[in-house]
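**Student:** This is the structure I want to talk about, given as structure tokens.
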Amino acid sequence: MFMLSACGSSNVTKESNQHSNYPTKPIVFVAPSGAGGGWDLTARAVTKVLNETKLVKQTMTVENKPGGGGAVFMAEYATQDKNNDYKLFVSSPPIIINNLKAEGNSPFGYKDTTPLAQLTKDFGAIVVKADSKFQSLPQLIDEIKKKPKSVTIAGGSAPGSMDHLIAILPIYKSGIDPKIVKYVSYDGGGEAMAALLGGNADVIATDASSVEEYVKARKVRVLAVSAPERLGGNLKDVPTMKELGIDAEFTIWRGVFGAKQMSDDAKRFWEDTFKKLSEHEKWKEELTTQGWQPEYKGSDEFVQFLQEQEKLIRDMLKSLGMYK
């Protein structure tokens, strides 16, 4: 073990010199899900604006790596890409949830990465088709209370993961055992939305920002959001869960992560680049277009925030009987 460490340290100078002009080759941003969900949209928005603003001059591509709500990708990344300066990924609360939940949990979490920056915040949404019989969240909860198996709820992540937590939070807070709820998981928000529109689900839990276009097109209706106050844009008339008398709130942050053993030069480059991105007018325009709210945290502040989030999510999973 010590011999390996000694060998590793002899490469530090070499590694540092090698990356002094970082980046020197194309960069991959991974969205650990299928197309159409929050991770995919974030990865594409970030690379698009970094390219347009010339903040990054190298070619950037987005790869989708679906499976297990991000757990499949994490297993590969944490073991095979731990010192790969040229592969970054977008994540959100599932990187913590998957590591803490009881079933189908991932042995890898944010501590197996280098958190680089938080860029946005979003909130959960409970969504039905525009012609659904459910006109309000209390009506939906009453139906689940009476006939729990008659309602199919879908999400773009595995049981015990983020969409599932968003779905069952208001139900749990209404005094219903969350274990009786019929939840079907899909790989990404896009697939969950397709299931809703195709009549294979009665309700979906997803990111508020990803449903705006469907609300505008009058394909869906949002029953409630998990925000502390009402959102703007196409969701301005949607009540919060708290407004409806349900003491439930959930923030979906999104950030960018790098390899655990990322070189100092690469880390410095990305910290500097993401700070510039967060302040750029083109990024602010993109946030407005996507319906996202800005929430920038640099690497150190982001790590501290993730530690606090870990405590909150651990408590939430424990209360739902889903902690590992």
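By convention here, the chains of the structure tokens are called A, B, ... in the order presented, each chain's residues are numbered starting at 1, and ligands are numbered starting at 1 in the order presented.
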Give me the residues within 8 Å of A:Ala224 as an MDAnalysis selection string, counting only C-alpha atoms and dropping any in the same chain fewer than 2 places off.
**Tutor:** chainID A and resid 125:127 136:137 222 226 238:241
**Student:** The selected residues should be written to file as a PDB file, in the first residue's frame (atoms: C-alpha atoms).
**Tutor:**
ATOM      1  CA  ALA A 125     -43.492  18.457  -9.075  1.00  0.00           C
ATOM      2  CA  ILE A 126     -46.488  16.116  -8.864  1.00  0.00           C
ATOM      3  CA  VAL A 127     -47.841  15.897 -12.419  1.00  0.00           C
ATOM      4  CA  SER A 136     -55.765  18.628  -6.940  1.00  0.00           C
ATOM      5  CA  LEU A 137     -53.140  16.985  -4.743  1.00  0.00           C
ATOM      6  CA  VAL A 222     -49.051  20.141 -12.183  1.00  0.00           C
ATOM      7  CA  SER A 226     -42.146  21.053  -3.401  1.00  0.00           C
ATOM      8  CA  VAL A 238     -49.318  25.904  -9.199  1.00  0.00           C
ATOM      9  CA  PRO A 239     -49.685  25.701  -5.397  1.00  0.00           C
ATOM     10  CA  THR A 240     -46.870  24.580  -3.118  1.00  0.00           C
ATOM     11  CA  MET A 241     -47.383  21.480  -0.975  1.00  0.00           C
TER      12      MET A 241
END
**Student:** What's the 12 Å shell around A:Gly34, counting only C-alpha atoms, without same-chain residues fewer than 4 positions away, as a PyMOL selection string?
**Tutor:** chain A and resi 30+38-41+43+62-70+73+156-157+186-192
**Student:** Generate a file of the selected residues that holds C-alpha atoms, formatted as a short mmCIF file (atom, residue, chain, number, x, y, z; two decimals), in the first residue's frame.
**Tutor:**
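The file below, again.cif, is the result:
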data_model
loop_
_atom_site.label_atom_id
_atom_site.label_comp_id
_atom_site.auth_asym_id
_atom_site.auth_seq_id
_atom_site.Cartn_x
_atom_site.Cartn_y
_atom_site.Cartn_z
CA VAL A 30 -21.93 12.51 -18.63
CA GLY A 38 -32.91 17.05 -15.57
CA TRP A 39 -29.36 15.65 -15.76
CA ASP A 40 -29.45 15.43 -19.54
CA LEU A 41 -30.85 18.96 -19.92
CA ALA A 43 -25.30 18.67 -19.13
CA VAL A 62 -22.55 14.81 -23.72
CA GLU A 63 -22.97 11.08 -23.12
CA ASN A 64 -26.05 9.45 -21.62
CA LYS A 65 -25.30 6.57 -19.25
CA PRO A 66 -28.67 5.35 -17.89
CA GLY A 67 -29.21 2.70 -15.24
CA GLY A 68 -30.20 2.55 -11.57
CA GLY A 69 -30.85 6.28 -11.22
CA GLY A 70 -27.15 7.00 -11.73
CA PHE A 73 -22.57 4.98 -14.00
CA GLY A 156 -37.44 8.59 -13.62
CA SER A 157 -35.47 6.94 -10.82
CA TYR A 186 -38.19 4.47 -15.48
CA ASP A 187 -34.70 5.45 -16.64
CA GLY A 188 -34.95 9.22 -16.67
CA GLY A 189 -37.66 11.87 -16.59
CA GLY A 190 -38.25 11.67 -20.36
CA GLU A 191 -39.32 8.01 -20.13
CA ALA A 192 -41.53 8.73 -17.10
#
**Student:** Could you tell me how far atom CA of A:Phe123 sits from atom CA of A:Thr42, in Å to one decimal place?
**Tutor:** 14.3 Å
**Student:** Would you mind writing down, as a PyMOL selection string, each residue of stretch 54-216 of chain A that DSSP on the backbone assigns to strand (DSSP E)?
**Tutor:** chain A and resi 60-64+87-91+113-129+152-155+182-185+203-207
**Student:** Closest to A:Tyr296 among A:Thr61, A:Asn200, A:Thr120, A:Gln135, using only C-alpha atoms?
**Tutor:**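 Using only C-alpha atoms, A:Tyr296 sits closest to A:Thr120.
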**Student:** By how many Å are atom CA of A:Ala31 and atom CA of A:Ala227 apart?
**Tutor:**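 Between these atoms lies a distance of 24.2 Å.
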**Student:** Identify, with DSSP run on backbone atoms, the residues in stretch 14-75 of chain A assigned to alpha helix (DSSP H), and express the list as number ranges by chain.
**Tutor:** A: 14-18, 38-52, 71-75
**Student:** Considering only C-alpha atoms, return as a short mmCIF file (atom, residue, chain, number, x, y, z; two decimals) with N, CA and C atoms, in the first residue's frame whatever protein or nucleic-acid residues lie within 10 Å of A:Lys216, sequence-local ones (same chain, fewer than 4 positions apart) excluded.
**Tutor:**
data_model
loop_
_atom_site.label_atom_id
_atom_site.label_comp_id
_atom_site.auth_asym_id
_atom_site.auth_seq_id
_atom_site.Cartn_x
_atom_site.Cartn_y
_atom_site.Cartn_z
N VAL A 211 -41.06 20.07 -16.72
CA VAL A 211 -42.46 19.93 -17.17
C VAL A 211 -43.02 21.22 -17.78
N GLU A 212 -42.23 22.29 -17.72
CA GLU A 212 -42.74 23.59 -18.19
C GLU A 212 -43.26 23.53 -19.63
N VAL A 220 -50.10 18.48 -19.80
CA VAL A 220 -50.13 18.02 -18.41
C VAL A 220 -50.62 19.13 -17.49
N ARG A 221 -50.95 18.71 -16.26
CA ARG A 221 -51.31 19.66 -15.20
C ARG A 221 -50.44 19.34 -13.98
N GLY A 233 -43.08 31.77 -14.22
CA GLY A 233 -43.26 31.22 -15.57
C GLY A 233 -44.56 30.46 -15.74
N ASN A 234 -44.49 29.34 -16.44
CA ASN A 234 -45.69 28.54 -16.71
C ASN A 234 -46.24 27.84 -15.47
N LEU A 235 -45.48 27.90 -14.37
CA LEU A 235 -45.92 27.22 -13.14
C LEU A 235 -46.39 28.22 -12.08
#
**Student:** List the spatial neighbours of A:Ala167 as a ChimeraX atom specification - criterion: any atom at most 10 Å away, only C-alpha atoms, same-chain residues fewer than 4 positions off excluded.
**Tutor:** /A:124-127,153-155,162-163,171-172,178,181,183,203-206
**Student:** Atom CA of A:Ala248 and atom CA of A:Gln309, how far apart in Å?
**Tutor:**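 Between atom CA of A:Gln309 and atom CA of A:Ala248 the gap works out to 15.8 Å.
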**Student:** Using only C-alpha atoms, which protein or nucleic acid residues come within 9 Å of stretch 286-289 of chain A? Drop anything in the same chain fewer than 6 positions from it, and give the result as a PDB file with all heavy atoms, in the first residue's frame.
**Tutor:**
ATOM      1  N   ALA A  45     -27.059  21.998 -21.489  1.00  0.00           N
ATOM      2  CA  ALA A  45     -27.068  23.463 -21.320  1.00  0.00           C
ATOM      3  C   ALA A  45     -25.681  23.970 -20.930  1.00  0.00           C
ATOM      4  O   ALA A  45     -25.196  24.968 -21.467  1.00  0.00           O
ATOM      5  CB  ALA A  45     -28.093  23.856 -20.253  1.00  0.00           C
ATOM      6  N   VAL A  46     -25.024  23.276 -20.006  1.00  0.00           N
ATOM      7  CA  VAL A  46     -23.686  23.689 -19.551  1.00  0.00           C
ATOM      8  C   VAL A  46     -22.691  23.656 -20.709  1.00  0.00           C
ATOM      9  O   VAL A  46     -21.966  24.626 -20.952  1.00  0.00           O
ATOM     10  CB  VAL A  46     -23.194  22.785 -18.387  1.00  0.00           C
ATOM     11  CG1 VAL A  46     -21.708  23.019 -18.112  1.00  0.00           C
ATOM     12  CG2 VAL A  46     -23.998  23.060 -17.122  1.00  0.00           C
ATOM     13  N   VAL A  49     -23.373  26.476 -23.367  1.00  0.00           N
ATOM     14  CA  VAL A  49     -22.968  27.832 -22.982  1.00  0.00           C
ATOM     15  C   VAL A  49     -21.449  27.943 -22.840  1.00  0.00           C
ATOM     16  O   VAL A  49     -20.860  28.949 -23.217  1.00  0.00           O
ATOM     17  CB  VAL A  49     -23.695  28.291 -21.688  1.00  0.00           C
ATOM     18  CG1 VAL A  49     -23.243  29.690 -21.286  1.00  0.00           C
ATOM     19  CG2 VAL A  49     -25.210  28.274 -21.894  1.00  0.00           C
ATOM     20  N   THR A 120     -27.357  25.096 -10.133  1.00  0.00           N
ATOM     21  CA  THR A 120     -28.782  25.444 -10.146  1.00  0.00           C
ATOM     22  C   THR A 120     -29.526  24.786  -8.990  1.00  0.00           C
ATOM     23  O   THR A 120     -29.009  23.887  -8.320  1.00  0.00           O
ATOM     24  CB  THR A 120     -29.474  24.968 -11.446  1.00  0.00           C
ATOM     25  OG1 THR A 120     -29.500  23.530 -11.461  1.00  0.00           O
ATOM     26  CG2 THR A 120     -28.786  25.474 -12.685  1.00  0.00           C
TER      27      THR A 120
END
**Student:** Give the answer as one residue: which of A:Leu244, A:Ile27, A:Met322, A:Leu165 has the shortest atom-to-atom distance to A:Ile141, using only C-alpha atoms?
**Tutor:** A:Leu244
**Student:** I'd like the neighbourhood of stretch 272-285 of chain A as number ranges by chain, where a residue qualifies if any of its atoms comes within 9 Å (using only C-alpha atoms), though same-chain residues fewer than 6 positions away should be ignored.
**Tutor:** A: 45-46, 49-50, 52-53, 55-56, 116-119, 294-298
**Student:** Tell me which of A:Thr79, A:Thr114, A:Thr59, A:Ser150 sits closest to A:Ala259, counting only C-alpha atoms.
**Tutor:** A:Thr114
